[in-house]
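Novice: Let me begin by handing over the structure; questions about it come next.
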Amino acid sequence: MQSNDTDAKRSRDLVEQLKRSQIYRDYEQAFRDTTGLPINLRPIEAFNLPHHGDPNENPFCALMAKTNHTCSACLQLQKRVEEEARLEPKTLKCFAGLCDSAVPIRVGENLVAFLQTGQILLHKPNAEQFEKTTRQLIKFGADVDMKKLQEAYFQSRVLGKKQYESIIRLLSIFAQHLATLSNQLVVRETNAESPTIARARVYIADRHAEDLSLDEVAKAVNMSAFYFCKMFRKATGMTFTDYLARVRVEKVKNLLLNPHKRISEAAFEAGFQSLSQFNRVFRKIAGEAPTAYRDRVQAA
C-alpha cells in the first residue's frame with residue numbers, strides 16, 4: 001500500500017471496522033488478561049504513541065509520555081519500528097532498553113495496519129541501565145521527577161526472550177485472521193456508496209463465476225464503461241478487475257472448507273479461466289499459495 005493520504009484514510013477506516021468486530025474485541029481482551037501487556041491495532045501513518053492510556057501501559061512509559069522531549073524520542077522509535085515492520089514483525093529497543101514491537105497486517109501485497117505491543121524489558125532492570133537512561137534524559141532536557149521515574153522503571157515487566165518471541169508469534173497468527181477479515185470487509189463494504197455501485201456489487205456477486213467484463217457490468221447498471229470505471233474505483237478503492245478477483249478468491253476460500261473439493265475445481269467454479277492465473281491472483285490477494293491456505297485451515 002502506498003503511503004499517501006488516500007491509503008492512510010482507507011487504513012484508518014478499516015482499522016475502525018476491525019476494532020468493532022467481535023473477533024478483535026475478544027482477542028484484545030484475552031491478550032491483555034493473559035499477557036498483562038498493552039495491545040493496539042493501528043492504521044498506517046499513525047503519528048501518536050500506541051499505548052498511551054492503555055490499561056496495561058508501562059508506568060515508566062506513561063511518565064515519559066508527559067514530557068515533550070522524551071515523547072518525541074518515543075514517537076521517533078514508533079516511526080522506526082513501523083518502517084521496519086512493513087513486511088514482517090519487528091522489535092526495537094528504546095533509549096531506556098524497553099522493547100516495542102509491531103506486526104504487519106497485510107492483505108496480499110498491501111500493508112493495511114499494524115498490531116503493536118511491548119514496553120517490556122528482556123532483562124531485570126538494574127541501576128547501571130537506569131543511570132544510563134538518566135544521563136540521556138538530562139541530555140534531552142526532560143523535566144521529570146527522577147525518584148518517581150526510578151520507581152516506575154523498576155516496575156517494568158520483564159519477560160524472557162523466548163517468551164516474548166512466542167507472544168509476537170501469537171500476534172502474527174492473529175494478524176493473519178485480521179487480514180482475512182479485512183479482505184472480506186473490502187468486498188462487502190456498502191456504506192456511503194451510490195445505489196448504482198451497490199447494484200454493481202450485487203451483479204458481480206451473482207455472476208462472478210461467469211466470464212464477466214467491465215462493459216457488461218457497466219451496461220447492467222446503465223452507465224458508460226468509462227464513467228462506471230471511474231465511479232467504481234472511487235467507491236471501492238479498487239479497479240473492477242481487482243475487485244472481481246477478490247470476490248472470486250473469497251469464493252474459493254469458502255469452497256476449500258470442503259476437504260473433498262479439489263483446488264482446481266474450486267478455481268474454475270469461482271470463475272477463474274486458468275490455473276496459472278488463479279495461482280498468481282490467489283497468492284497476491286491471500287498472501288499464500290492455495291495449497292498452503294488449505295493446509296492451514298484444515299489444520300486449525
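So you can find residues: chains in the C-alpha cells are A, B, ... in the order shown, residues in each start at 1, and ligands are numbered from 1 in order.
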Just the residues within 8 Å of range 5-22 of chain A, please, counting only C-alpha atoms, with nothing from its chain fewer than 4 positions along; format it as a list of chain:residue names.
Specialist: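 The filter keeps A:Met1, A:Asp26, A:Leu41, A:Arg42, A:Pro43, A:Ile44, A:Glu45, A:Val112, A:Ala113, A:Leu178, A:Leu181, A:Ser182, A:Leu185.
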Novice: Distance table requested - range 146-214 of chain A against range 272-285 of chain A, cut-off 12 Å, only C-alpha atoms: one row per qualifying residue with the closest atom pair and its distance in Å to one decimal, ordered by chain and rising residue number, as CSV.
Specialist:
```
residue,atom,partner,partner_atom,distance
A:Ala179,CA,A:Ile285,CA,10.0
A:Thr180,CA,A:Ile285,CA,9.7
A:Ser182,CA,A:Ile285,CA,11.2
A:Asn183,CA,A:Ile285,CA,8.4
A:Gln184,CA,A:Ile285,CA,11.4
A:Val186,CA,A:Ile285,CA,11.9
A:His208,CA,A:Phe272,CA,9.1
A:Ala209,CA,A:Phe272,CA,7.5
A:Glu210,CA,A:Phe272,CA,8.7
A:Asp211,CA,A:Gln273,CA,7.9
A:Leu212,CA,A:Phe272,CA,10.3
```
Novice: If you keep N, CA and C atoms, can you produce a file of those selected residues as a PDB file, in the first residue's frame?
Specialist:
```
ATOM      1  N   ALA A 179      -6.223 -10.102   8.557  1.00  0.00           N
ATOM      2  CA  ALA A 179      -6.030  -9.873   7.125  1.00  0.00           C
ATOM      3  C   ALA A 179      -7.179 -10.485   6.335  1.00  0.00           C
ATOM      4  N   THR A 180      -7.595 -11.689   6.725  1.00  0.00           N
ATOM      5  CA  THR A 180      -8.732 -12.343   6.063  1.00  0.00           C
ATOM      6  C   THR A 180      -9.998 -11.533   6.260  1.00  0.00           C
ATOM      7  N   SER A 182     -10.174  -8.366   6.879  1.00  0.00           N
ATOM      8  CA  SER A 182     -10.025  -7.112   6.125  1.00  0.00           C
ATOM      9  C   SER A 182     -10.452  -7.283   4.685  1.00  0.00           C
ATOM     10  N   ASN A 183     -10.040  -8.389   4.085  1.00  0.00           N
ATOM     11  CA  ASN A 183     -10.408  -8.656   2.698  1.00  0.00           C
ATOM     12  C   ASN A 183     -11.911  -8.813   2.556  1.00  0.00           C
ATOM     13  N   GLN A 184     -12.530  -9.486   3.504  1.00  0.00           N
ATOM     14  CA  GLN A 184     -13.982  -9.667   3.476  1.00  0.00           C
ATOM     15  C   GLN A 184     -14.703  -8.326   3.623  1.00  0.00           C
ATOM     16  N   VAL A 186     -13.569  -5.397   2.713  1.00  0.00           N
ATOM     17  CA  VAL A 186     -13.411  -4.648   1.452  1.00  0.00           C
ATOM     18  C   VAL A 186     -14.440  -5.114   0.433  1.00  0.00           C
ATOM     19  N   HIS A 208     -20.080 -13.703 -10.644  1.00  0.00           N
ATOM     20  CA  HIS A 208     -18.617 -13.734 -10.632  1.00  0.00           C
ATOM     21  C   HIS A 208     -18.049 -15.013 -11.252  1.00  0.00           C
ATOM     22  N   ALA A 209     -18.852 -16.084 -11.297  1.00  0.00           N
ATOM     23  CA  ALA A 209     -18.363 -17.350 -11.872  1.00  0.00           C
ATOM     24  C   ALA A 209     -18.353 -17.319 -13.393  1.00  0.00           C
ATOM     25  N   GLU A 210     -19.002 -16.307 -13.987  1.00  0.00           N
ATOM     26  CA  GLU A 210     -19.045 -16.189 -15.439  1.00  0.00           C
ATOM     27  C   GLU A 210     -17.840 -15.408 -15.951  1.00  0.00           C
ATOM     28  N   ASP A 211     -17.683 -15.373 -17.258  1.00  0.00           N
ATOM     29  CA  ASP A 211     -16.609 -14.585 -17.879  1.00  0.00           C
ATOM     30  C   ASP A 211     -17.070 -13.127 -17.921  1.00  0.00           C
ATOM     31  N   LEU A 212     -16.990 -12.496 -16.765  1.00  0.00           N
ATOM     32  CA  LEU A 212     -17.591 -11.175 -16.568  1.00  0.00           C
ATOM     33  C   LEU A 212     -16.645 -10.063 -17.018  1.00  0.00           C
TER      34      LEU A 212
END
```
Novice: Please provide as a list in words all residues within 8 Å of Pro125 in chain A, with the sequence filter that same-chain residues fewer than 4 positions apart are discarded (counting only C-alpha atoms).
Specialist: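 So the residues in contact are Leu121, Gln129, Phe130, Tyr153, Phe154 and Ser156 of chain A.
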Novice: Considering only helix (DSSP H, G or I) as DSSP defines it on the backbone, what residues of range 88-285 of chain A qualify? List them as an MDAnalysis selection string.
Specialist: chainID A and resid 127:140 146:153 161:188 195:207 214:220 225:236 240:255 263:270 275:285
Novice: Between CA of Arg25 in chain A and CA of Pro104 in chain A, what distance in Å does the model show, to one decimal?
Specialist: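 A separation of 18.4 Å between them.
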Novice: Need the shell around Asp33 in chain A: protein/DNA/RNA residues with any atom at most 12 Å away, counting only C-alpha atoms. Skip same-chain ones fewer than 6 positions apart. Format as an NGL selection string?
Specialist: :A and (26-27 or 39 or 55-56)
Novice: Limited to N, CA and C atoms, could you put the picked residues into a file as a short mmCIF file (atom, residue, chain, number, x, y, z; two decimals), in the first residue's frame?
Specialist:
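Result went into result.cif, see below:
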```
data_model
loop_
_atom_site.label_atom_id
_atom_site.label_comp_id
_atom_site.auth_asym_id
_atom_site.auth_seq_id
_atom_site.Cartn_x
_atom_site.Cartn_y
_atom_site.Cartn_z
N ASP A 26 -12.67 -9.79 21.34
CA ASP A 26 -12.41 -10.99 22.15
C ASP A 26 -10.91 -11.24 22.29
N TYR A 27 -10.20 -11.11 21.18
CA TYR A 27 -8.76 -11.38 21.21
C TYR A 27 -8.05 -10.33 22.06
N ILE A 39 -1.85 -3.71 24.04
CA ILE A 39 -2.02 -4.12 22.64
C ILE A 39 -2.79 -3.03 21.92
N PRO A 55 -4.73 0.33 29.51
CA PRO A 55 -4.80 -0.20 30.89
C PRO A 55 -3.51 -0.90 31.32
N ASN A 56 -2.78 -1.47 30.36
CA ASN A 56 -1.54 -2.19 30.68
C ASN A 56 -0.29 -1.39 30.33
#
```
Novice: Which of these residues is nearest to Thr241 in chain A, using only C-alpha atoms: A:Ile263, A:Asp145, A:Ala96, A:Asp215?
Specialist: A:Asp215
